[in-house]
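J.: What follows is upload_15.pdb, PDB, C-alpha atoms (C1' of nucleotides).
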```
MODEL        1
ATOM      1  CA  MET B   1     -18.875   1.971   0.847
ATOM      2  CA  PRO B   2     -16.579   2.993  -1.928
ATOM      3  CA  GLU B   3     -14.428  -0.132  -2.135
ATOM      4  CA  LEU B   4     -11.486  -0.826  -4.397
ATOM      5  CA  PRO B   5     -13.314  -0.656  -7.776
ATOM      6  CA  GLU B   6     -15.041   2.617  -6.909
ATOM      7  CA  VAL B   7     -11.806   4.159  -5.639
ATOM      8  CA  GLU B   8      -9.949   2.988  -8.751
ATOM      9  CA  VAL B   9     -12.603   4.635 -10.943
ATOM     10  CA  VAL B  10     -11.941   7.875  -9.069
ATOM     11  CA  ARG B  11      -8.170   7.423  -9.333
ATOM     12  CA  ARG B  12      -8.338   7.068 -13.103
ATOM     13  CA  GLY B  13     -10.557  10.104 -13.438
ATOM     14  CA  LEU B  14      -8.229  12.193 -11.323
ATOM     15  CA  ALA B  15      -5.093  11.002 -13.094
ATOM     16  CA  ARG B  16      -6.333  12.287 -16.443
ATOM     17  CA  TRP B  17      -6.939  15.768 -15.086
ATOM     18  CA  VAL B  18      -4.645  16.705 -12.205
ATOM     19  CA  VAL B  19      -1.224  15.191 -12.954
ATOM     20  CA  GLY B  20       1.244  17.963 -13.689
ATOM     21  CA  ARG B  21      -0.972  20.731 -12.330
ATOM     22  CA  ARG B  22       0.140  23.100  -9.606
ATOM     23  CA  ILE B  23      -2.098  23.813  -6.635
ATOM     24  CA  THR B  24      -2.527  27.569  -6.308
ATOM     25  CA  HIS B  25      -5.281  27.672  -3.730
ATOM     26  CA  ALA B  26      -6.404  25.315  -0.978
ATOM     27  CA  GLU B  27      -9.356  25.813   1.320
ATOM     28  CA  VAL B  28     -10.670  23.699   4.199
ATOM     29  CA  LEU B  29     -14.379  24.251   4.820
ATOM     30  CA  HIS B  30     -14.795  21.640   7.553
ATOM     31  CA  PRO B  31     -11.987  20.826  10.016
ATOM     32  CA  ARG B  32     -13.116  17.223  10.448
ATOM     33  CA  ALA B  33     -12.168  16.521   6.831
ATOM     34  CA  VAL B  34      -8.475  17.055   7.681
ATOM     35  CA  ARG B  35      -8.508  15.573  11.199
ATOM     36  CA  ARG B  36      -5.866  13.032  10.165
ATOM     37  CA  HIS B  37      -3.549  15.934   9.395
ATOM     38  CA  ALA B  38      -2.208  16.367  12.927
ATOM     39  CA  ALA B  39      -0.712  19.826  12.336
ATOM     40  CA  GLY B  40      -4.142  21.253  11.543
ATOM     41  CA  ALA B  41      -5.967  22.908   8.664
ATOM     42  CA  GLY B  42      -3.682  25.943   8.513
ATOM     43  CA  ASP B  43      -0.589  23.800   8.071
ATOM     44  CA  PHE B  44      -2.439  21.638   5.545
ATOM     45  CA  VAL B  45      -3.286  24.616   3.353
ATOM     46  CA  GLY B  46       0.118  26.279   3.725
ATOM     47  CA  ARG B  47       2.072  23.221   2.718
ATOM     48  CA  LEU B  48      -0.231  22.295  -0.140
ATOM     49  CA  GLU B  49      -0.253  25.615  -1.952
ATOM     50  CA  GLY B  50       2.487  25.855  -4.550
ATOM     51  CA  THR B  51       3.056  22.111  -4.896
ATOM     52  CA  GLN B  52       2.712  20.229  -8.150
ATOM     53  CA  ILE B  53       0.848  16.910  -8.423
ATOM     54  CA  ALA B  54       3.203  14.240  -9.774
ATOM     55  CA  ALA B  55       0.874  11.215  -9.964
ATOM     56  CA  VAL B  56      -2.299   9.653  -8.590
ATOM     57  CA  SER B  57      -1.683   6.395  -6.710
ATOM     58  CA  ARG B  58      -3.836   3.902  -4.854
ATOM     59  CA  ARG B  59      -3.590   0.936  -2.509
ATOM     60  CA  GLY B  60      -6.810  -0.696  -1.409
ATOM     61  CA  LYS B  61      -9.244   2.102  -0.639
ATOM     62  CA  TYR B  62      -6.559   4.766  -0.083
ATOM     63  CA  LEU B  63      -5.639   7.307  -2.741
ATOM     64  CA  TRP B  64      -2.594   9.553  -2.686
ATOM     65  CA  LEU B  65      -1.134  12.301  -4.837
ATOM     66  CA  PRO B  66       2.679  12.523  -4.626
ATOM     67  CA  LEU B  67       3.601  16.211  -4.527
ATOM     68  CA  ARG B  68       6.610  17.964  -6.051
ATOM     69  CA  SER B  69       7.466  20.864  -3.817
ATOM     70  CA  ASP B  70       8.016  24.242  -5.422
ATOM     71  CA  ASP B  71      11.299  25.186  -3.790
ATOM     72  CA  VAL B  72      13.122  21.861  -3.492
ATOM     73  CA  GLY B  73      11.828  20.137  -6.611
ATOM     74  CA  SER B  74      11.857  16.725  -4.924
ATOM     75  CA  ILE B  75       8.884  14.493  -4.154
ATOM     76  CA  ASP B  76       8.826  13.810  -0.416
ATOM     77  CA  ASP B  77       5.179  14.151   0.583
ATOM     78  CA  ALA B  78       1.776  13.133  -0.681
ATOM     79  CA  LEU B  79      -1.791  14.299  -0.315
ATOM     80  CA  VAL B  80      -3.496  11.200   1.098
ATOM     81  CA  GLY B  81      -7.228  10.699   0.775
ATOM     82  CA  HIS B  82      -9.768   8.173   1.976
ATOM     83  CA  LEU B  83     -13.407   8.400   0.882
ATOM     84  CA  GLY B  84     -14.723   6.660   3.981
ATOM     85  CA  MET B  85     -18.363   5.874   3.434
ATOM     86  CA  SER B  86     -19.635   8.868   1.548
ATOM     87  CA  GLY B  87     -16.612  10.811   0.296
ATOM     88  CA  GLN B  88     -16.408  12.107  -3.271
ATOM     89  CA  LEU B  89     -13.592  13.726  -5.221
ATOM     90  CA  LEU B  90     -15.197  15.856  -7.896
ATOM     91  CA  LEU B  91     -13.718  17.965 -10.675
ATOM     92  CA  GLN B  92     -16.065  20.919 -10.912
ATOM     93  CA  PRO B  93     -15.973  24.134 -12.904
ATOM     94  CA  GLN B  94     -14.730  27.065 -10.831
ATOM     95  CA  GLY B  95     -17.652  29.125  -9.668
ATOM     96  CA  SER B  96     -20.188  26.335  -9.832
ATOM     97  CA  PRO B  97     -22.302  26.339  -6.643
ATOM     98  CA  ASP B  98     -20.713  24.765  -3.590
ATOM     99  CA  GLU B  99     -22.073  21.316  -2.747
ATOM    100  CA  THR B 100     -23.929  21.074   0.575
ATOM    101  CA  HIS B 101     -21.204  18.871   2.028
ATOM    102  CA  LEU B 102     -18.175  20.487   0.397
ATOM    103  CA  ARG B 103     -15.260  19.991   2.823
ATOM    104  CA  VAL B 104     -12.068  20.885   0.901
ATOM    105  CA  ARG B 105     -11.428  22.844  -2.302
ATOM    106  CA  LEU B 106      -8.229  22.832  -4.381
ATOM    107  CA  ALA B 107      -7.723  25.156  -7.338
ATOM    108  CA  PHE B 108      -4.986  24.924  -9.969
ATOM    109  CA  ASP B 109      -2.720  27.268 -11.903
ATOM    110  CA  THR B 110      -4.348  26.183 -15.146
ATOM    111  CA  GLY B 111      -7.774  27.407 -14.079
ATOM    112  CA  GLY B 112     -10.701  25.465 -15.425
ATOM    113  CA  ARG B 113     -11.994  22.855 -13.061
ATOM    114  CA  GLU B 114     -11.179  22.667  -9.375
ATOM    115  CA  LEU B 115     -10.883  19.567  -7.208
ATOM    116  CA  ARG B 116     -13.508  19.277  -4.496
ATOM    117  CA  PHE B 117     -13.701  16.843  -1.610
ATOM    118  CA  VAL B 118     -17.367  16.404  -0.745
ATOM    119  CA  ASP B 119     -18.362  14.132   2.146
ATOM    120  CA  GLN B 120     -21.792  13.876   3.725
ATOM    121  CA  ARG B 121     -20.959  11.569   6.635
ATOM    122  CA  THR B 122     -17.392  12.821   7.197
ATOM    123  CA  PHE B 123     -15.855   9.395   7.721
ATOM    124  CA  GLY B 124     -13.417  10.200   4.933
ATOM    125  CA  GLY B 125     -10.659  12.771   4.937
ATOM    126  CA  LEU B 126      -7.497  14.262   3.475
ATOM    127  CA  ALA B 127      -4.046  14.676   5.027
ATOM    128  CA  LEU B 128      -0.474  15.469   4.038
ATOM    129  CA  ASP B 129       1.982  12.729   4.796
ATOM    130  CA  ALA B 130       5.608  11.771   4.165
ATOM    131  CA  LEU B 131       6.418   9.152   1.544
ATOM    132  CA  VAL B 132       8.525   6.234   2.754
ATOM    133  CA  GLU B 133       9.981   3.247   0.949
ATOM    134  CA  ASP B 134       7.746   0.175   0.776
ATOM    135  CA  ASP B 135       8.820  -3.476   0.802
ATOM    136  CA  SER B 136       9.746  -3.535  -2.871
ATOM    137  CA  GLY B 137      11.526  -0.242  -3.433
ATOM    138  CA  GLY B 138       8.391   1.727  -4.241
ATOM    139  CA  ARG B 139       7.081   4.643  -2.199
ATOM    140  CA  ILE B 140       4.027   4.857  -0.011
ATOM    141  CA  PRO B 141       2.661   7.350   2.537
ATOM    142  CA  THR B 142       3.469   6.480   6.154
ATOM    143  CA  SER B 143      -0.219   6.363   7.011
ATOM    144  CA  VAL B 144      -0.925   3.774   4.297
ATOM    145  CA  ALA B 145       2.060   1.512   4.981
ATOM    146  CA  HIS B 146       0.216  -0.542   7.603
ATOM    147  CA  ILE B 147      -2.298  -2.036   5.158
ATOM    148  CA  ALA B 148      -1.633  -5.016   2.900
ATOM    149  CA  ARG B 149      -1.381  -4.824  -0.868
ATOM    150  CA  ASP B 150      -4.703  -5.269  -2.630
ATOM    151  CA  PRO B 151      -5.645  -8.249  -4.835
ATOM    152  CA  LEU B 152      -5.275  -6.215  -8.045
ATOM    153  CA  ASP B 153      -1.697  -5.206  -7.149
ATOM    154  CA  PRO B 154       0.783  -7.042  -9.422
ATOM    155  CA  LEU B 155       2.969  -7.659  -6.369
ATOM    156  CA  PHE B 156       0.170  -9.211  -4.304
ATOM    157  CA  ASP B 157       1.416 -12.531  -2.897
ATOM    158  CA  ASP B 158      -1.323 -15.166  -3.215
ATOM    159  CA  ASP B 159       0.470 -17.777  -1.119
ATOM    160  CA  ALA B 160       1.211 -15.327   1.666
ATOM    161  CA  PHE B 161      -2.469 -14.331   1.609
ATOM    162  CA  ALA B 162      -3.565 -17.963   1.965
ATOM    163  CA  ARG B 163      -1.174 -18.487   4.861
ATOM    164  CA  SER B 164      -2.317 -15.293   6.558
ATOM    165  CA  VAL B 165      -5.999 -16.204   6.220
ATOM    166  CA  ARG B 166      -5.476 -19.745   7.487
ATOM    167  CA  ARG B 167      -3.659 -18.531  10.591
ATOM    168  CA  ARG B 168      -6.795 -16.762  11.812
ATOM    169  CA  SER B 169      -9.538 -18.219  13.919
ATOM    170  CA  SER B 170     -12.072 -15.478  13.028
ATOM    171  CA  GLU B 171     -14.915 -15.898  10.617
ATOM    172  CA  ILE B 172     -13.783 -15.739   6.985
ATOM    173  CA  LYS B 173     -15.873 -12.643   6.217
ATOM    174  CA  ARG B 174     -14.256 -10.756   9.066
ATOM    175  CA  VAL B 175     -10.841 -11.757   7.723
ATOM    176  CA  LEU B 176     -11.757 -10.569   4.209
ATOM    177  CA  LEU B 177     -12.624  -7.165   5.645
ATOM    178  CA  ASP B 178      -9.335  -6.929   7.565
ATOM    179  CA  GLN B 179      -7.253  -4.486   5.517
ATOM    180  CA  THR B 180      -3.993  -5.852   6.949
ATOM    181  CA  VAL B 181      -4.654  -9.255   5.331
ATOM    182  CA  ALA B 182      -5.640  -7.905   1.903
ATOM    183  CA  SER B 183      -6.815  -4.355   1.276
ATOM    184  CA  GLY B 184      -9.646  -2.965  -0.803
ATOM    185  CA  ILE B 185     -12.381  -5.450   0.115
ATOM    186  CA  GLY B 186     -15.497  -4.041   1.766
ATOM    187  CA  ASN B 187     -18.937  -5.368   2.606
ATOM    188  CA  ILE B 188     -20.263  -5.552  -0.968
ATOM    189  CA  TYR B 189     -17.396  -7.405  -2.609
ATOM    190  CA  ALA B 190     -16.885  -9.649   0.442
ATOM    191  CA  ASP B 191     -20.488 -10.854   0.161
ATOM    192  CA  GLU B 192     -20.254 -11.263  -3.614
ATOM    193  CA  ALA B 193     -16.985 -13.228  -3.479
ATOM    194  CA  LEU B 194     -18.319 -15.465  -0.694
ATOM    195  CA  TRP B 195     -21.467 -16.138  -2.720
ATOM    196  CA  ARG B 196     -19.401 -17.065  -5.782
ATOM    197  CA  SER B 197     -17.293 -19.353  -3.591
ATOM    198  CA  ARG B 198     -20.386 -20.943  -2.016
ATOM    199  CA  LEU B 199     -18.898 -20.100   1.363
ATOM    200  CA  HIS B 200     -20.819 -18.921   4.410
ATOM    201  CA  GLY B 201     -19.131 -15.842   5.879
ATOM    202  CA  GLY B 202     -19.272 -17.398   9.322
ATOM    203  CA  ARG B 203     -16.921 -20.247   8.489
ATOM    204  CA  PRO B 204     -13.757 -20.129  10.617
ATOM    205  CA  ALA B 205     -10.885 -19.035   8.389
ATOM    206  CA  ASP B 206      -8.424 -21.526   9.856
ATOM    207  CA  ARG B 207     -10.640 -24.433   8.874
ATOM    208  CA  LEU B 208     -10.628 -23.603   5.152
ATOM    209  CA  SER B 209      -8.232 -25.441   2.866
ATOM    210  CA  ARG B 210      -5.530 -23.575   0.989
ATOM    211  CA  LEU B 211      -7.256 -24.332  -2.303
ATOM    212  CA  VAL B 212     -10.591 -22.996  -1.056
ATOM    213  CA  VAL B 213      -8.870 -19.781   0.090
ATOM    214  CA  LEU B 214      -7.127 -19.392  -3.263
ATOM    215  CA  ALA B 215     -10.407 -19.941  -5.111
ATOM    216  CA  LEU B 216     -12.020 -17.293  -2.905
ATOM    217  CA  LEU B 217      -9.213 -14.905  -3.803
ATOM    218  CA  GLY B 218      -9.859 -15.610  -7.464
ATOM    219  CA  HIS B 219     -13.506 -14.684  -7.002
ATOM    220  CA  VAL B 220     -12.515 -11.486  -5.200
ATOM    221  CA  ARG B 221     -10.386 -10.529  -8.207
ATOM    222  CA  ASP B 222     -13.071 -11.485 -10.712
ATOM    223  CA  VAL B 223     -15.861  -9.534  -9.045
ATOM    224  CA  MET B 224     -13.635  -6.473  -8.592
ATOM    225  CA  ASN B 225     -12.506  -6.529 -12.217
ATOM    226  CA  GLU B 226     -16.074  -6.927 -13.449
ATOM    227  CA  ALA B 227     -17.211  -4.031 -11.280
ATOM    228  CA  LEU B 228     -14.354  -1.896 -12.575
ATOM    229  CA  GLU B 229     -15.417  -2.537 -16.166
ATOM    230  CA  GLN B 230     -18.860  -1.177 -15.298
ATOM    231  CA  GLY B 231     -17.626   1.914 -13.525
ATOM    232  CA  GLY B 232     -18.112   0.552 -10.007
ATOM    233  CA  THR B 233     -21.187   0.010  -7.847
ATOM    234  CA  SER B 234     -23.631   2.819  -7.060
ATOM    235  CA  PHE B 235     -26.819   2.596  -5.067
ATOM    236  CA  ASP B 236     -27.470   6.320  -5.072
ATOM    237  CA  ALA B 237     -25.830   9.637  -5.850
ATOM    238  CA  LEU B 238     -23.214   9.172  -3.117
ATOM    239  CA  TYR B 239     -20.985   6.847  -5.129
ATOM    240  CA  VAL B 240     -19.827   8.587  -8.240
ATOM    241  CA  ASN B 241     -16.779   9.205 -10.387
ATOM    242  CA  VAL B 242     -15.017  12.570 -10.649
ATOM    243  CA  ASN B 243     -17.714  13.804 -13.038
ATOM    244  CA  GLY B 244     -20.528  12.883 -10.666
ATOM    245  CA  GLU B 245     -21.603   9.865 -12.725
ATOM    246  CA  SER B 246     -22.704   6.548 -11.209
ATOM    247  CA  GLY B 247     -21.384   3.122 -12.141
ATOM    248  CA  TYR B 248     -23.879   0.364 -12.746
ATOM    249  CA  PHE B 249     -22.399  -2.810 -11.263
ATOM    250  CA  ASP B 250     -25.297  -2.831  -8.782
ATOM    251  CA  ARG B 251     -27.304  -4.478 -11.571
ATOM    252  CA  SER B 252     -24.870  -7.397 -11.512
ATOM    253  CA  LEU B 253     -24.933  -8.133  -7.780
ATOM    254  CA  SER B 254     -25.920 -11.694  -6.890
ATOM    255  CA  ALA B 255     -26.227 -11.486  -3.111
ATOM    256  CA  TYR B 256     -25.453  -8.053  -1.655
ATOM    257  CA  GLY B 257     -28.637  -6.037  -1.123
ATOM    258  CA  GLN B 258     -30.769  -8.819  -2.619
ATOM    259  CA  GLU B 259     -32.711  -9.842   0.518
ATOM    260  CA  GLY B 260     -35.781 -11.870  -0.423
ATOM    261  CA  LEU B 261     -34.845 -12.067  -4.109
ATOM    262  CA  PRO B 262     -34.060 -15.477  -5.588
ATOM    263  CA  CYS B 263     -30.485 -16.709  -5.499
ATOM    264  CA  PRO B 264     -29.318 -16.580  -9.155
ATOM    265  CA  ARG B 265     -27.936 -20.102  -8.737
ATOM    266  CA  CYS B 266     -30.649 -22.058  -6.921
ATOM    267  CA  GLY B 267     -33.640 -19.740  -6.531
ATOM    268  CA  THR B 268     -33.708 -19.779  -2.737
ATOM    269  CA  PRO B 269     -34.507 -16.325  -1.324
ATOM    270  CA  ILE B 270     -31.352 -14.450  -0.313
ATOM    271  CA  ARG B 271     -31.192 -13.883   3.430
ATOM    272  CA  ARG B 272     -29.882 -10.900   5.354
ATOM    273  CA  ILE B 273     -28.328 -11.200   8.795
ATOM    274  CA  ALA B 274     -26.747  -8.615  11.101
ATOM    275  CA  PHE B 275     -22.979  -8.797  11.188
ATOM    276  CA  MET B 276     -20.414  -6.422  12.684
ATOM    277  CA  ASN B 277     -22.975  -3.614  12.976
ATOM    278  CA  ARG B 278     -23.879  -3.995   9.320
ATOM    279  CA  SER B 279     -25.479  -6.616   7.061
ATOM    280  CA  SER B 280     -24.437  -9.836   5.418
ATOM    281  CA  TYR B 281     -26.352 -11.196   2.443
ATOM    282  CA  PHE B 282     -26.047 -14.848   1.474
ATOM    283  CA  CYS B 283     -27.893 -17.824   0.036
ATOM    284  CA  PRO B 284     -28.848 -20.169   2.891
ATOM    285  CA  VAL B 285     -28.738 -23.182   0.560
ATOM    286  CA  CYS B 286     -25.638 -22.541  -1.576
ATOM    287  CA  GLN B 287     -23.595 -21.130   1.295
ATOM    288  CA  ARG B 288     -23.659 -23.672   4.069
ATOM    289  CA  SER B 289     -22.973 -22.398   7.560
ATOM    290  CA  ALA B 290     -20.188 -23.559   9.823
ATOM    291  CA  ARG B 291     -22.188 -26.173  11.691
ATOM    292  CA  HIS B 292     -22.643 -28.207   8.534
ATOM    293  CA  HIS B 293     -18.906 -28.520   8.348
ATOM    294  CA  GLY B 294     -18.498 -30.034  11.809
ATOM    295  CA  ALA B 295     -15.427 -31.097  13.694
ATOM    296  CA  ALA B 296     -14.137 -33.340  10.928
ATOM    297  CA  ALA B 297     -12.515 -30.345   9.268
ATOM    298  CA  GLN B 298     -12.693 -32.174   5.993
ATOM    299  CA  ASP B 299     -11.509 -29.131   4.082
ATOM    300  CA  ARG B 300      -7.945 -29.867   5.084
TER     301      ARG B 300
ATOM    302  C1'  DC R 301      -0.456 -10.612  20.272
ATOM    303  C1'  DA R 302      -5.239 -11.765  18.429
ATOM    304  C1'  DT R 303      -9.905 -10.930  18.592
ATOM    305  C1'  DA R 304     -14.445  -8.641  19.244
ATOM    306  C1'  DG R 305     -17.268  -4.834  19.880
ATOM    307  C1'  DA R 306     -18.231   0.191  20.158
ATOM    308  C1'  DT R 307     -17.862   4.470  17.975
ATOM    309  C1'  DC R 308     -17.752   8.329  14.717
ATOM    310  C1'  DC R 309     -21.376  10.939  11.276
ATOM    311  C1'  DT R 310     -25.756  12.560   8.596
ATOM    312  C1'  DG R 311     -29.332  11.726   5.331
ATOM    313  C1'  DT R 312     -32.999   8.639   3.898
ATOM    314  C1'  DA R 313     -36.556   5.342   4.590
ATOM    315  C1'  DT R 314     -39.950   3.361   7.411
ATOM    316  C1'  DG R 315     -43.398   2.742  11.141
ATOM    317  C1'  DC R 316     -46.735   4.507  14.386
TER     318       DC R 316
ATOM    319  C1'  DT F 317     -47.937  15.702   9.710
ATOM    320  C1'  DG F 318     -44.564  14.829  13.206
ATOM    321  C1'  DC F 319     -41.609  12.090  15.688
ATOM    322  C1'  DA F 320     -38.742   8.112  16.667
ATOM    323  C1'  DT F 321     -36.065   4.539  15.014
ATOM    324  C1'  DA F 322     -33.252   1.693  11.892
ATOM    325  C1'  DC F 323     -29.941   1.694   8.530
ATOM    326  C1'  DA F 324     -25.960   2.687   5.380
ATOM    327  C1'  DG F 325     -20.506   1.101   6.995
ATOM    328  C1'  DG F 326     -14.568   1.954   6.810
ATOM    329  C1'  DA F 327     -11.294   2.699  10.023
ATOM    330  C1'  DT F 328      -9.891   3.264  14.557
ATOM    331  C1'  DC F 329     -10.061   2.897  19.355
ATOM    332  C1'  DT F 330     -10.847   0.275  23.600
ATOM    333  C1'  DA F 331     -11.501  -3.863  26.168
ATOM    334  C1'  DT F 332     -10.707  -8.605  26.941
TER     335       DT F 332
ENDMDL
END
```
What would you get if you wrote out this structure as structure tokens?
T.:
Amino acid sequence: MPELPEVEVVRRGLARWVVGRRITHAEVLHPRAVRRHAAGAGDFVGRLEGTQIAAVSRRGKYLWLPLRSDDVGSIDDALVGHLGMSGQLLLQPQGSPDETHLRVRLAFDTGGRELRFVDQRTFGGLALDALVEDDSGGRIPTSVAHIARDPLDPLFDDDAFARSVRRRSSEIKRVLLDQTVASGIGNIYADEALWRSRLHGGRPADRLSRLVVLALLGHVRDVMNEALEQGGTSFDALYVNVNGESGYFDRSLSAYGQEGLPCPRCGTPIRRIAFMNRSSYFCPVCQRSARHHGAAAQDR
DNA sequence: CATAGATCCTGTATGC
DNA sequence: TGCATACAGGATCTAT
């Protein structure tokens, strides 16, 4: 569930602490946490130790730490991380008790706190990956290059997004969750942006007008920025910043998780339906379903 | 190629 | 109390 705002909160917390530090010790406590590192845990640890963290970057829900290698001095690789559903990156004092689901530990030359990857459900993971040039002269890990820029990226192309969305015959919610169209959007912010747009998630994307798609994008940006200001969304102790603290955007949600509660706009109880093996929350009055928009395709 | 559905994983909440 | 079941859901894999 950590989506873009939650991952950005983590990125900022990490950036303040780890940039410029050298990794002196790496330890993998659960092999599944580094399954995306094809060469295995031993290679992961061996290549990580001795490197210096040059930055903390993010695209969508992916984080990466470009690494300056000890011997060469150049920055060719990055430590790539994805939190999956329950991953946490915590800065903990050395010697503090290991978390139940501690998967990877990194310690630094400066002592003090260590970086811990904790992940209950093990959908997340860490890997080392080569940096390649992206489409605008920047650098990005190979394993992240396949996803689109996210809506908070200054180089995000709104018109290209609208064209991409309107080429698809899938339901608009499914398209919002497709990380190759725009990255960073997950179930919570998809439902919130659709609610703000008064759009039912089941509407076919290719029957929405360009202006409706651009307005939806604006709502995606708004809800993400508002969540960021409040430290992200947390429903329980799983979604926390690097100090283990929860954000409180959950208090501002209009639709997601609000089944049975009144729609803040019209008072109709919010409804929950199954969708893609998860849930969609929407107002059945404000967000009209596809059949009310018939074959006329008036949104063109 | 686009699209849709299954799958991975573990802790918590709920019902009988 | 114990047991079974549903649920949380991002990314990836497989099937059509």
J.: Could you please determine the separation between atom CA of B:Ala26 and atom CA of B:Leu106 in Å, to one decimal place?
T.: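 The value is 4.6 Å.
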J.: Which residues of chain B come within 9 Å of chain F, and what is each one's closest atom pair and distance in Å (one decimal), counting all atoms listed in the file, sorted by chain and residue number, as JSON lines?
T.:
```
{"residue": "B:Met1", "atom": "CA", "partner": "F:DG325", "partner_atom": "C1'", "distance": 6.4}
{"residue": "B:Leu83", "atom": "CA", "partner": "F:DG326", "partner_atom": "C1'", "distance": 8.8}
{"residue": "B:Gly84", "atom": "CA", "partner": "F:DG326", "partner_atom": "C1'", "distance": 5.5}
{"residue": "B:Met85", "atom": "CA", "partner": "F:DG325", "partner_atom": "C1'", "distance": 6.3}
{"residue": "B:Phe123", "atom": "CA", "partner": "F:DG326", "partner_atom": "C1'", "distance": 7.6}
{"residue": "B:Gly124", "atom": "CA", "partner": "F:DG326", "partner_atom": "C1'", "distance": 8.5}
{"residue": "B:Gly186", "atom": "CA", "partner": "F:DG326", "partner_atom": "C1'", "distance": 7.9}
{"residue": "B:Asn187", "atom": "CA", "partner": "F:DG325", "partner_atom": "C1'", "distance": 8.0}
{"residue": "B:Asn277", "atom": "CA", "partner": "F:DG325", "partner_atom": "C1'", "distance": 8.0}
{"residue": "B:Arg278", "atom": "CA", "partner": "F:DG325", "partner_atom": "C1'", "distance": 6.5}
```
J.: Given a cut-off of 9 Å, which residues of chain B touch chain R, counting all atoms listed in the file, written out as a list of chain:residue names?
T.: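 Written out as asked, the residues are B:Gln120, B:Arg121, B:Thr122, B:Phe123, B:Arg168, B:Ser169, B:Ser170, B:Met276.
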J.: Using the file's own x, y and z axes, so that the box edges lie along x, y and z, what centre and edge lengths in Å (one decimal) does a box around every listed atom of stretch 301-314 of chain R get when 4 Å is added on each side? Give it as lines of an AutoDock Vina configuration file.
T.:
```
center_x = -20.2
center_y = 0.4
center_z = 12.1
size_x = 47.5
size_y = 32.3
size_z = 24.4
```
J.: What is the distance, in Å and to one decimal place, between atom CA of B:Val72 and atom CA of B:Ala130?
T.: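 For atom CA of B:Val72 relative to atom CA of B:Ala130, the distance reads 14.7 Å.
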J.: As a VMD selection string, please: the residues near B:Arg59 (cut-off 12 Å, only C-alpha atoms (C1' of nucleotides), same-chain neighbours under 6 positions excluded).
T.: chain B and resid 3 to 5 7 to 8 11 65 80 to 82 134 139 to 141 143 to 156 179 to 180 182 to 185
J.: Once you count all atoms listed in the file, which residues end up no further than 12 Å from (-20.8, 21.4, -11.7) in the file's frame, shown as a list in words?
T.: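 Residues close enough to count: Leu90, Leu91, Gln92, Pro93, Gln94, Gly95, Ser96, Pro97, Asp98, Glu99, Gly112, Arg113, Glu114, Leu115, Arg116, Val242, Asn243, Gly244 and Glu245 of chain B.
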J.: Residues picked by the PyMOL selection byres ((chain B and resi 231) around 7) here, as an MDAnalysis selection string?
T.: chainID B and resid 9 227:230 232:233 247:248
J.: Hey, which of B:His30, B:Arg174, B:Lys61, B:Arg103 ends up closest to B:Ala205? Count all atoms listed in the file.
T.: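 Looking only at the distances to B:Ala205, the closest residue turns out to be B:Arg174.
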J.: What is the atom CA of B:His101-atom CA of B:Asp119 distance in Å, reported with one decimal?
T.: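 Computing the Euclidean distance for atom CA of B:His101 and atom CA of B:Asp119 yields 5.5 Å.
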J.: Select, from B:Leu63, B:Ile172, B:Leu29, B:Ala39, the residue with the minimum atom-to-atom distance to B:Arg105, counting only C-alpha atoms.
T.: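 Of the candidates, the smallest distance to B:Arg105 is held by B:Leu29.
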J.: Set the distance at 12 Å and use only C-alpha atoms (C1' of nucleotides): which residues neighbour stretch 281-290 of chain B once local chain neighbours fewer than 6 positions away are removed? I'd like the list as JSON, numbers by chain.
T.: {"B": [170, 171, 172, 173, 187, 188, 189, 190, 191, 192, 193, 194, 195, 196, 197, 198, 199, 200, 201, 202, 203, 204, 205, 206, 207, 208, 253, 254, 255, 256, 257, 258, 259, 260, 261, 262, 263, 264, 265, 266, 267, 268, 269, 270, 271, 272, 273, 274, 275, 296, 297, 299]}
J.: Could you tell me which residues the PyMOL selection byres ((chain B and resi 218) around 12) grabs in this file, written as an NGL selection string?
T.: :B and (151-152 or 158 or 161-162 or 192-194 or 196-197 or 211-217 or 219-225)
